file data.cif (mmCIF, C-alpha atoms and all ligand atoms)
data_data
#
loop_
_atom_site.group_PDB
_atom_site.id
_atom_site.type_symbol
_atom_site.label_atom_id
_atom_site.label_comp_id
_atom_site.auth_asym_id
_atom_site.auth_seq_id
_atom_site.Cartn_x
_atom_site.Cartn_y
_atom_site.Cartn_z
ATOM 1 C CA MET O 19 13.936 31.881 -22.303
ATOM 2 C CA LYS O 20 16.435 34.731 -22.206
ATOM 3 C CA LEU O 21 17.738 36.808 -25.097
ATOM 4 C CA TYR O 22 21.127 38.503 -24.835
ATOM 5 C CA LYS O 23 22.196 41.162 -27.287
ATOM 6 C CA ALA O 24 25.814 40.293 -28.030
ATOM 7 C CA GLU O 25 28.396 42.347 -29.888
ATOM 8 C CA ASN O 26 28.103 39.917 -32.818
ATOM 9 C CA GLY O 27 24.498 38.704 -32.794
ATOM 10 C CA ILE O 28 21.798 37.470 -30.433
ATOM 11 C CA LEU O 29 22.214 34.678 -27.894
ATOM 12 C CA LEU O 30 19.301 32.650 -26.617
ATOM 13 C CA GLU O 31 19.574 30.936 -23.236
ATOM 14 C CA ARG O 32 17.310 28.075 -22.236
ATOM 15 C CA ASP O 33 17.931 25.600 -19.422
ATOM 16 C CA ASP O 34 21.512 26.903 -18.996
ATOM 17 C CA LEU O 35 22.332 26.238 -22.653
ATOM 18 C CA PHE O 36 23.219 29.026 -25.073
ATOM 19 C CA TYR O 37 22.290 29.177 -28.758
ATOM 20 C CA ARG O 38 22.997 31.774 -31.424
ATOM 21 C CA LEU O 39 19.923 32.978 -33.323
ATOM 22 C CA HIS O 40 20.025 33.027 -37.141
ATOM 23 C CA GLU O 41 18.398 36.454 -36.934
ATOM 24 C CA THR O 42 21.071 38.971 -35.989
ATOM 25 C CA ASP O 43 18.957 42.128 -36.062
ATOM 26 C CA TRP O 44 17.623 42.821 -32.557
ATOM 27 C CA ASP O 45 14.649 44.887 -33.741
ATOM 28 C CA LEU O 46 13.491 42.208 -36.182
ATOM 29 C CA ALA O 47 14.016 39.395 -33.685
ATOM 30 C CA VAL O 48 12.073 40.812 -30.744
ATOM 31 C CA ASN O 49 9.189 42.688 -32.307
ATOM 32 C CA ARG O 50 6.699 39.799 -32.412
ATOM 33 C CA ASP O 51 3.468 39.207 -30.521
ATOM 34 C CA ASP O 52 4.321 35.490 -30.556
ATOM 35 C CA LEU O 53 7.963 35.965 -29.495
ATOM 36 C CA TYR O 54 7.968 33.008 -27.071
ATOM 37 C CA GLU O 55 6.478 30.611 -29.630
ATOM 38 C CA TRP O 56 8.788 31.913 -32.381
ATOM 39 C CA LEU O 57 11.847 31.276 -30.179
ATOM 40 C CA GLU O 58 10.635 27.746 -29.472
ATOM 41 C CA ILE O 59 10.543 27.080 -33.211
ATOM 42 C CA GLN O 60 13.966 28.704 -33.739
ATOM 43 C CA ILE O 61 15.630 26.576 -31.087
ATOM 44 C CA GLU O 62 14.703 23.347 -32.888
ATOM 45 C CA SER O 63 17.234 24.141 -35.639
ATOM 46 C CA LEU O 64 19.984 25.494 -33.345
ATOM 47 C CA ILE O 65 22.943 23.743 -31.745
ATOM 48 C CA PRO O 66 24.050 24.686 -28.221
ATOM 49 C CA ILE O 67 27.319 26.629 -28.036
ATOM 50 C CA THR O 68 30.059 25.720 -25.582
ATOM 51 C CA PHE O 69 32.084 28.741 -24.575
ATOM 52 C CA THR O 70 35.778 28.009 -24.092
ATOM 53 C CA ASP O 71 39.044 29.963 -24.076
ATOM 54 C CA ASP O 72 39.065 29.573 -27.873
ATOM 55 C CA VAL O 73 35.364 30.428 -28.210
ATOM 56 C CA PRO O 74 34.825 32.990 -25.448
ATOM 57 C CA MET O 75 31.453 34.395 -24.434
ATOM 58 C CA PRO O 76 30.987 37.572 -26.501
ATOM 59 C CA GLU O 77 30.514 40.948 -24.864
ATOM 60 C CA ILE O 78 26.889 41.392 -23.804
ATOM 61 C CA LEU O 79 25.275 44.756 -24.566
ATOM 62 C CA ALA O 80 22.131 46.410 -23.256
ATOM 63 C CA PRO O 81 19.130 44.459 -24.605
ATOM 64 C CA ILE O 82 17.933 47.230 -26.875
ATOM 65 C CA GLY O 83 17.990 48.144 -30.560
ATOM 66 C CA SER O 84 15.859 51.063 -31.765
ATOM 67 C CA GLN O 85 13.291 51.016 -28.960
ATOM 68 C CA GLU O 86 12.464 54.056 -26.821
ATOM 69 C CA VAL O 87 12.505 53.669 -23.055
ATOM 70 C CA TRP O 88 9.563 55.100 -21.130
ATOM 71 C CA ALA O 89 8.908 55.002 -17.413
ATOM 72 C CA SER O 90 5.992 54.966 -15.000
ATOM 73 C CA GLY O 91 5.848 56.975 -11.795
ATOM 74 C CA VAL O 92 4.231 56.660 -8.390
ATOM 75 C CA THR O 93 3.011 53.121 -8.930
ATOM 76 C CA TYR O 94 3.930 52.045 -5.374
ATOM 77 C CA PHE O 95 2.802 53.673 -2.096
ATOM 78 C CA ARG O 96 6.447 54.068 -1.058
ATOM 79 C CA SER O 97 7.196 56.158 -4.141
ATOM 80 C CA ARG O 98 4.150 58.380 -3.523
ATOM 81 C CA THR O 99 5.172 59.030 0.088
ATOM 82 C CA ALA O 100 8.863 59.663 -0.618
ATOM 83 C CA ARG O 101 8.036 62.135 -3.375
ATOM 84 C CA MET O 102 5.488 63.979 -1.273
ATOM 85 C CA GLU O 103 8.213 64.407 1.351
ATOM 86 C CA GLU O 104 10.923 65.500 -1.083
ATOM 87 C CA SER O 105 8.702 68.121 -2.739
ATOM 88 C CA GLU O 106 7.085 69.444 0.442
ATOM 89 C CA LYS O 107 8.929 72.768 0.357
ATOM 90 C CA ALA O 108 7.971 73.248 -3.307
ATOM 91 C CA GLY O 109 4.312 72.542 -2.505
ATOM 92 C CA GLY O 110 4.265 69.724 -5.057
ATOM 93 C CA GLY O 111 3.131 67.002 -2.661
ATOM 94 C CA SER O 112 -0.511 66.717 -3.665
ATOM 95 C CA PHE O 113 0.371 65.968 -7.296
ATOM 96 C CA TYR O 114 1.936 62.674 -6.274
ATOM 97 C CA ASP O 115 -0.963 61.748 -4.019
ATOM 98 C CA ARG O 116 -3.447 62.522 -6.766
ATOM 99 C CA VAL O 117 -1.629 60.611 -9.489
ATOM 100 C CA TYR O 118 -1.306 57.590 -7.206
ATOM 101 C CA GLU O 119 -5.107 57.539 -6.836
ATOM 102 C CA ALA O 120 -5.996 58.632 -10.380
ATOM 103 C CA GLU O 121 -7.137 56.341 -13.158
ATOM 104 C CA ARG O 122 -4.484 57.711 -15.547
ATOM 105 C CA PRO O 123 -0.938 56.736 -14.531
ATOM 106 C CA GLU O 124 2.116 58.967 -14.672
ATOM 107 C CA LEU O 125 4.190 58.012 -17.736
ATOM 108 C CA PHE O 126 7.269 59.859 -18.892
ATOM 109 C CA PHE O 127 9.935 59.542 -21.555
ATOM 110 C CA LYS O 128 13.152 58.169 -20.071
ATOM 111 C CA SER O 129 15.742 57.468 -22.754
ATOM 112 C CA THR O 130 16.620 56.906 -26.360
ATOM 113 C CA ALA O 131 18.199 53.499 -27.031
ATOM 114 C CA TRP O 132 21.711 54.774 -27.681
ATOM 115 C CA ARG O 133 21.890 56.397 -24.215
ATOM 116 C CA VAL O 134 20.971 53.212 -22.376
ATOM 117 C CA VAL O 135 23.721 51.579 -20.323
ATOM 118 C CA GLY O 136 23.865 47.770 -20.049
ATOM 119 C CA ASN O 137 24.916 45.331 -17.346
ATOM 120 C CA HIS O 138 28.275 46.352 -15.820
ATOM 121 C CA GLY O 139 28.032 49.770 -17.500
ATOM 122 C CA THR O 140 28.437 53.094 -15.742
ATOM 123 C CA VAL O 141 25.406 55.053 -14.591
ATOM 124 C CA ARG O 142 25.799 58.675 -13.538
ATOM 125 C CA ILE O 143 24.893 61.283 -10.975
ATOM 126 C CA ARG O 144 24.266 64.735 -12.444
ATOM 127 C CA ARG O 145 26.932 67.261 -11.484
ATOM 128 C CA ASP O 146 24.234 69.816 -10.576
ATOM 129 C CA SER O 147 22.403 67.413 -8.254
ATOM 130 C CA THR O 148 22.963 66.903 -4.522
ATOM 131 C CA TRP O 149 20.560 64.069 -3.725
ATOM 132 C CA ASP O 150 20.529 60.970 -5.921
ATOM 133 C CA VAL O 151 19.157 57.449 -5.914
ATOM 134 C CA PRO O 152 18.897 54.420 -8.165
ATOM 135 C CA GLU O 153 15.343 53.210 -8.797
ATOM 136 C CA PRO O 154 15.090 49.436 -9.277
ATOM 137 C CA GLU O 155 12.225 48.720 -11.660
ATOM 138 C CA LEU O 156 10.721 45.763 -13.434
ATOM 139 C CA THR O 157 10.803 46.837 -17.070
ATOM 140 C CA LEU O 158 8.299 45.617 -19.630
ATOM 141 C CA PHE O 159 8.988 44.979 -23.275
ATOM 142 C CA ALA O 160 5.997 45.324 -25.576
ATOM 143 C CA SER O 161 5.851 44.581 -29.300
ATOM 144 C CA SER O 162 4.729 47.290 -31.738
ATOM 145 C CA SER O 163 1.122 46.190 -31.208
ATOM 146 C CA GLY O 164 1.440 46.813 -27.455
ATOM 147 C CA ALA O 165 1.538 43.123 -26.461
ATOM 148 C CA LEU O 166 3.629 42.351 -23.363
ATOM 149 C CA VAL O 167 6.185 39.799 -24.573
ATOM 150 C CA GLY O 168 9.182 40.201 -22.273
ATOM 151 C CA TYR O 169 10.835 41.740 -19.255
ATOM 152 C CA THR O 170 14.164 43.167 -18.258
ATOM 153 C CA ILE O 171 15.569 44.949 -15.210
ATOM 154 C CA GLY O 172 15.738 48.735 -15.229
ATOM 155 C CA ASN O 173 17.558 51.316 -13.155
ATOM 156 C CA ASP O 174 15.755 54.664 -13.340
ATOM 157 C CA MET O 175 18.570 56.819 -11.917
ATOM 158 C CA SER O 176 17.010 59.933 -10.417
ATOM 159 C CA SER O 177 17.941 63.269 -8.924
ATOM 160 C CA ARG O 178 15.755 63.837 -5.883
ATOM 161 C CA SER O 179 17.086 67.356 -5.319
ATOM 162 C CA ILE O 180 16.075 68.515 -8.816
ATOM 163 C CA GLU O 181 12.662 66.816 -8.848
ATOM 164 C CA GLY O 182 12.051 67.967 -5.251
ATOM 165 C CA GLU O 183 12.726 71.584 -6.196
ATOM 166 C CA ASN O 184 9.870 71.593 -8.676
ATOM 167 C CA PRO O 185 7.963 68.653 -10.232
ATOM 168 C CA LEU O 186 8.223 70.456 -13.594
ATOM 169 C CA TYR O 187 11.944 69.688 -13.498
ATOM 170 C CA LEU O 188 11.137 65.968 -13.810
ATOM 171 C CA PRO O 189 12.687 65.579 -17.299
ATOM 172 C CA GLN O 190 15.986 66.985 -16.000
ATOM 173 C CA ALA O 191 15.848 64.844 -12.857
ATOM 174 C CA LYS O 192 15.194 61.720 -14.904
ATOM 175 C CA SER O 193 16.858 62.040 -18.316
ATOM 176 C CA TYR O 194 20.536 62.764 -18.679
ATOM 177 C CA THR O 195 23.609 60.847 -19.838
ATOM 178 C CA GLY O 196 23.931 57.658 -17.793
ATOM 179 C CA SER O 197 20.469 57.864 -16.205
ATOM 180 C CA ALA O 198 19.000 54.669 -17.690
ATOM 181 C CA ALA O 199 20.321 51.137 -17.354
ATOM 182 C CA LEU O 200 18.715 47.970 -18.721
ATOM 183 C CA GLY O 201 19.819 44.354 -18.603
ATOM 184 C CA PRO O 202 21.268 41.843 -18.410
ATOM 185 C CA CYS O 203 18.870 40.146 -20.866
ATOM 186 C CA LEU O 204 15.351 40.170 -22.221
ATOM 187 C CA LEU O 205 13.392 37.457 -20.419
ATOM 188 C CA VAL O 206 10.728 35.947 -22.677
ATOM 189 C CA PRO O 207 8.611 33.772 -20.421
ATOM 190 C CA GLU O 208 5.827 31.434 -21.435
ATOM 191 C CA PHE O 209 3.516 33.079 -18.877
ATOM 192 C CA PRO O 210 3.524 36.589 -17.364
ATOM 193 C CA LEU O 211 5.458 37.110 -14.124
ATOM 194 C CA GLY O 212 3.406 36.568 -10.985
ATOM 195 C CA ASP O 213 2.619 39.041 -8.199
ATOM 196 C CA ASP O 214 5.064 37.187 -5.941
ATOM 197 C CA THR O 215 8.038 38.245 -8.119
ATOM 198 C CA VAL O 216 10.652 39.941 -5.922
ATOM 199 C CA ILE O 217 12.670 43.025 -6.892
ATOM 200 C CA ASP O 218 15.807 43.315 -4.829
ATOM 201 C CA ILE O 219 18.467 46.031 -4.588
ATOM 202 C CA ALA O 220 21.842 46.249 -2.846
ATOM 203 C CA ILE O 221 24.120 49.298 -2.930
ATOM 204 C CA VAL O 222 27.752 48.628 -2.107
ATOM 205 C CA ARG O 223 30.264 51.350 -1.134
ATOM 206 C CA SER O 224 33.947 50.561 -0.605
ATOM 207 C CA GLY O 225 33.100 46.881 -0.281
ATOM 208 C CA GLU O 226 30.304 47.384 2.284
ATOM 209 C CA GLU O 227 26.580 47.232 1.730
ATOM 210 C CA VAL O 228 25.169 50.684 2.549
ATOM 211 C CA PHE O 229 21.561 50.050 1.520
ATOM 212 C CA SER O 230 19.414 47.089 0.590
ATOM 213 C CA GLY O 231 15.738 46.587 0.058
ATOM 214 C CA GLU O 232 13.145 44.431 -1.623
ATOM 215 C CA VAL O 233 9.575 44.648 -2.799
ATOM 216 C CA THR O 234 7.167 42.280 -4.520
ATOM 217 C CA LEU O 235 5.080 43.065 -7.571
ATOM 218 C CA SER O 236 1.962 42.578 -5.451
ATOM 219 C CA GLN O 237 2.689 46.005 -3.940
ATOM 220 C CA MET O 238 2.401 47.712 -7.309
ATOM 221 C CA LYS O 239 -0.856 49.671 -7.625
ATOM 222 C CA ARG O 240 -1.107 49.234 -11.394
ATOM 223 C CA LYS O 241 -1.076 46.172 -13.596
ATOM 224 C CA PRO O 242 1.662 45.963 -16.290
ATOM 225 C CA GLU O 243 -0.983 45.703 -19.040
ATOM 226 C CA GLU O 244 -2.730 48.822 -17.721
ATOM 227 C CA LEU O 245 0.517 50.829 -17.964
ATOM 228 C CA LEU O 246 1.152 49.574 -21.502
ATOM 229 C CA GLN O 247 -2.409 50.309 -22.517
ATOM 230 C CA TYR O 248 -1.915 53.973 -21.580
ATOM 231 C CA LEU O 249 1.500 54.145 -23.249
ATOM 232 C CA PHE O 250 0.202 52.787 -26.538
ATOM 233 C CA ARG O 251 -3.076 54.725 -26.412
ATOM 234 C CA GLU O 252 -2.027 57.603 -28.645
ATOM 235 C CA MET O 253 1.527 56.726 -29.608
ATOM 236 C CA SER O 254 3.020 54.271 -32.065
ATOM 237 C CA PHE O 255 6.259 52.361 -31.460
ATOM 238 C CA PRO O 256 7.311 50.700 -34.742
ATOM 239 C CA HIS O 257 10.013 48.605 -33.035
ATOM 240 C CA GLY O 258 8.159 48.011 -29.766
ATOM 241 C CA ALA O 259 8.996 49.836 -26.543
ATOM 242 C CA TYR O 260 10.422 49.406 -23.067
ATOM 243 C CA LEU O 261 8.429 50.650 -20.090
ATOM 244 C CA MET O 262 9.892 50.862 -16.582
ATOM 245 C CA THR O 263 7.091 50.191 -14.102
ATOM 246 C CA GLY O 264 8.110 52.458 -11.211
ATOM 247 C CA THR O 265 10.006 51.913 -7.995
ATOM 248 C CA GLY O 266 8.755 50.490 -4.724
ATOM 249 C CA ILE O 267 12.119 50.857 -2.987
ATOM 250 C CA ILE O 268 13.488 54.255 -2.015
ATOM 251 C CA PRO O 269 16.380 54.621 0.443
ATOM 252 C CA PRO O 270 15.851 56.762 3.552
ATOM 253 C CA SER O 271 16.000 60.547 3.087
ATOM 254 C CA ASP O 272 19.539 60.882 4.438
ATOM 255 C CA PHE O 273 20.911 58.536 1.763
ATOM 256 C CA THR O 274 22.477 59.784 -1.436
ATOM 257 C CA LEU O 275 24.506 57.861 -4.023
ATOM 258 C CA GLN O 276 28.203 58.558 -4.345
ATOM 259 C CA GLN O 277 30.649 58.088 -7.161
ATOM 260 C CA GLY O 278 32.089 54.579 -7.053
ATOM 261 C CA ASP O 279 28.972 53.005 -5.509
ATOM 262 C CA ILE O 280 27.948 49.706 -7.059
ATOM 263 C CA VAL O 281 24.240 49.073 -7.585
ATOM 264 C CA HIS O 282 22.973 45.498 -7.896
ATOM 265 C CA ILE O 283 19.332 45.020 -8.873
ATOM 266 C CA SER O 284 17.999 41.463 -9.017
ATOM 267 C CA ILE O 285 14.704 40.041 -10.202
ATOM 268 C CA GLU O 286 14.903 36.292 -9.834
ATOM 269 C CA PRO O 287 13.757 34.961 -13.200
ATOM 270 C CA ILE O 288 15.627 37.681 -15.109
ATOM 271 C CA GLY O 289 18.993 37.914 -13.322
ATOM 272 C CA THR O 290 21.018 40.773 -11.877
ATOM 273 C CA LEU O 291 21.756 44.188 -13.329
ATOM 274 C CA THR O 292 24.967 45.608 -11.891
ATOM 275 C CA ASN O 293 26.137 49.158 -12.512
ATOM 276 C CA VAL O 294 28.880 51.303 -11.112
ATOM 277 C CA VAL O 295 28.076 54.941 -10.389
ATOM 278 C CA GLY O 296 30.376 57.287 -12.279
HETATM 279 O O1 LIG T 301 6.983 61.225 -10.197
HETATM 280 C C1 LIG T 301 8.087 61.087 -10.515
HETATM 281 C C2 LIG T 301 8.777 59.880 -10.964
HETATM 282 C C3 LIG T 301 8.374 58.670 -10.199
HETATM 283 C C4 LIG T 301 9.187 57.466 -10.486
HETATM 284 O O2 LIG T 301 10.124 57.455 -11.256
HETATM 285 C C5 LIG T 301 8.839 56.216 -9.790
HETATM 286 O O3 LIG T 301 7.877 56.170 -9.014
HETATM 287 O O4 LIG T 301 9.538 55.225 -10.009
HETATM 288 MG MG MG T 302 11.229 55.520 -11.301
#
call {"tool": "encode", "arguments": {"input": "data.cif", "output": "structure tokens", "more": "lines below"}}
Ligand code: DO4
Ligand code: MG
result
Amino acid sequence: MKLYKAENGILLERDDLFYRLHETDWDLAVNRDDLYEWLEIQIESLIPITFTDDVPMPEILAPIGSQEVWASGVTYFRSRTARMEESEKAGGGSFYDRVYEAERPELFFKSTAWRVVGNHGTVRIRRDSTWDVPEPELTLFASSSGALVGYTIGNDMSSRSIEGENPLYLPQAKSYTGSAALGPCLLVPEFPLGDDTVIDIAIVRSGEEVFSGEVTLSQMKRKPEELLQYLFREMSFPHGAYLMTGTGIIPPSDFTLQQGDIVHISIEPIGTLTNVVG
């Protein structure tokens, strides 16, 4: 089942049919350990909506209310290697190698809810950055008790030049206006996503694909539950939290995003998150 945060409520999609939830408050609707079962009960009393010219599909917003967005780093070998290369001059390489092998994962704060951009929104490159990439990431949604109840697609926009200069600049490389995108929906599956789930990215410039790549979850070093366990260890999230799980796809070193690029990130059971770079 998929939940869409609409301008005027919450839409539930199941088997290509849309329903409007009685509950209109996103935070109250999603913060449940039994979210899937609760939605199954809700749907019994709902009537499918047919969108027409007279009843158009409402605008869909980023699937977030009051939740914080956190992110994981160096959870794929590709991310470890790319970051060791980019920080070579700064001597930061061994930090990435060590965190990849360590028991404790790298977790960092990414965004407040109000800064998050949704599907078809504009993500940004920092004006003081010269080397930039999107990071396509499976993003977990956990309830306030830390239970994994849903997934969305995340784009962890990153400045490689700023992070590469000094790993201590990570917050500036990772958190700025237009650096976090989530969407298009919150997938609430009956069972957790399998290791064969594919994350796919395509970057289009002036109508031509300039980069594409894919990775499966099986290449992720950490388990989603392990990342959430660390996040919730010493921190409370009264409305639940989003956690990006790290990127396994990084374009070659001579690639940098440009204004006007269009980034499509797809994860099959969730959908596609499309953002233009502003
Ligand atoms: O270590 C810096 C951030 C890593 C990251 O964002 C990722 O691996 O996806
Ligand atoms: Mg990342």
call {"tool": "closest_residue", "arguments": {"input": "data.cif", "among": "O:Val222, O:Val141, O:Val281, O:Leu125", "to": "ligand MG 302 (chain T)", "atoms": "all atoms listed in the file"}}
result
O:Leu125
call {"tool": "residues_near_ligand", "arguments": {"input": "data.cif", "ligand": "ligand LIG 301 (chain T)", "cutoff": "8 Å", "atoms": "all atoms listed in the file", "output": "PyMOL selection string"}}
result
chain O and resi 89-94+97-98+101+114+124+153+155+174+176+181+185+188+192+262-266
call {"tool": "closest_residue", "arguments": {"input": "data.cif", "among": "O:Thr130, O:Thr290, O:Asn49, O:Thr157", "to": "ligand MG 302 (chain T)", "atoms": "only C-alpha atoms and all ligand atoms"}}
result
O:Thr157
call {"tool": "closest_residue", "arguments": {"input": "data.cif", "among": "O:Glu106, O:Glu86, O:Glu244, O:Asp146", "to": "O:Ala198", "atoms": "all atoms listed in the file"}}
result
O:Glu86
call {"tool": "resolve_selection", "arguments": {"input": "data.cif", "expression": "the PyMOL selection byres (((chain O and resi 58-61) around 12) and not hetatm)", "output": "list in words"}}
result
Met19, Lys20, Leu29, Leu30, Glu31, Arg32, Asp33, Leu35, Phe36, Tyr37, Arg38, Leu39, His40, Glu41, Ala47, Asp52, Leu53, Tyr54, Glu55, Trp56, Leu57, Glu62, Ser63, Leu64, Ile65, Pro66, Val206, Pro207 and Glu208 of chain O
call {"tool": "build_atoms", "arguments": {"input": "data.cif", "residues": "stretch 99-111 of chain O", "atoms": "N, CA, C and O atoms", "output": "JSON list (two decimals), keeping the file's coordinate frame"}}
result
[["chain", "number", "residue", "atom", "x", "y", "z"],
["O", 99, "THR", "N", 4.86, 58.40, -1.19],
["O", 99, "THR", "CA", 5.17, 59.03, 0.09],
["O", 99, "THR", "C", 6.53, 59.74, 0.02],
["O", 99, "THR", "O", 6.66, 60.88, 0.46],
["O", 100, "ALA", "N", 7.52, 59.07, -0.55],
["O", 100, "ALA", "CA", 8.86, 59.66, -0.62],
["O", 100, "ALA", "C", 8.84, 60.94, -1.44],
["O", 100, "ALA", "O", 9.49, 61.93, -1.11],
["O", 101, "ARG", "N", 8.06, 60.94, -2.51],
["O", 101, "ARG", "CA", 8.04, 62.14, -3.38],
["O", 101, "ARG", "C", 7.25, 63.27, -2.75],
["O", 101, "ARG", "O", 7.56, 64.45, -2.94],
["O", 102, "MET", "N", 6.23, 62.93, -1.99],
["O", 102, "MET", "CA", 5.49, 63.98, -1.27],
["O", 102, "MET", "C", 6.42, 64.65, -0.27],
["O", 102, "MET", "O", 6.41, 65.87, -0.12],
["O", 103, "GLU", "N", 7.27, 63.84, 0.38],
["O", 103, "GLU", "CA", 8.21, 64.41, 1.35],
["O", 103, "GLU", "C", 9.26, 65.29, 0.66],
["O", 103, "GLU", "O", 9.54, 66.40, 1.09],
["O", 104, "GLU", "N", 9.81, 64.76, -0.45],
["O", 104, "GLU", "CA", 10.92, 65.50, -1.08],
["O", 104, "GLU", "C", 10.46, 66.81, -1.71],
["O", 104, "GLU", "O", 11.24, 67.74, -1.86],
["O", 105, "SER", "N", 9.17, 66.90, -2.06],
["O", 105, "SER", "CA", 8.70, 68.12, -2.74],
["O", 105, "SER", "C", 7.87, 69.00, -1.81],
["O", 105, "SER", "O", 7.19, 69.92, -2.27],
["O", 106, "GLU", "N", 7.93, 68.72, -0.51],
["O", 106, "GLU", "CA", 7.08, 69.44, 0.44],
["O", 106, "GLU", "C", 7.31, 70.96, 0.37],
["O", 106, "GLU", "O", 6.37, 71.73, 0.28],
["O", 107, "LYS", "N", 8.60, 71.33, 0.35],
["O", 107, "LYS", "CA", 8.93, 72.77, 0.36],
["O", 107, "LYS", "C", 8.41, 73.44, -0.92],
["O", 107, "LYS", "O", 8.01, 74.59, -0.91],
["O", 108, "ALA", "N", 8.42, 72.67, -2.03],
["O", 108, "ALA", "CA", 7.97, 73.25, -3.31],
["O", 108, "ALA", "C", 6.45, 73.21, -3.44],
["O", 108, "ALA", "O", 5.88, 73.68, -4.43],
["O", 109, "GLY", "N", 5.78, 72.61, -2.47],
["O", 109, "GLY", "CA", 4.31, 72.54, -2.50],
["O", 109, "GLY", "C", 3.80, 71.57, -3.55],
["O", 109, "GLY", "O", 2.65, 71.64, -3.98],
["O", 110, "GLY", "N", 4.66, 70.64, -3.98],
["O", 110, "GLY", "CA", 4.26, 69.72, -5.06],
["O", 110, "GLY", "C", 3.63, 68.44, -4.57],
["O", 110, "GLY", "O", 3.24, 67.60, -5.37],
["O", 111, "GLY", "N", 3.55, 68.28, -3.24],
["O", 111, "GLY", "CA", 3.13, 67.00, -2.66],
["O", 111, "GLY", "C", 1.84, 66.44, -3.19],
["O", 111, "GLY", "O", 1.75, 65.25, -3.50]]
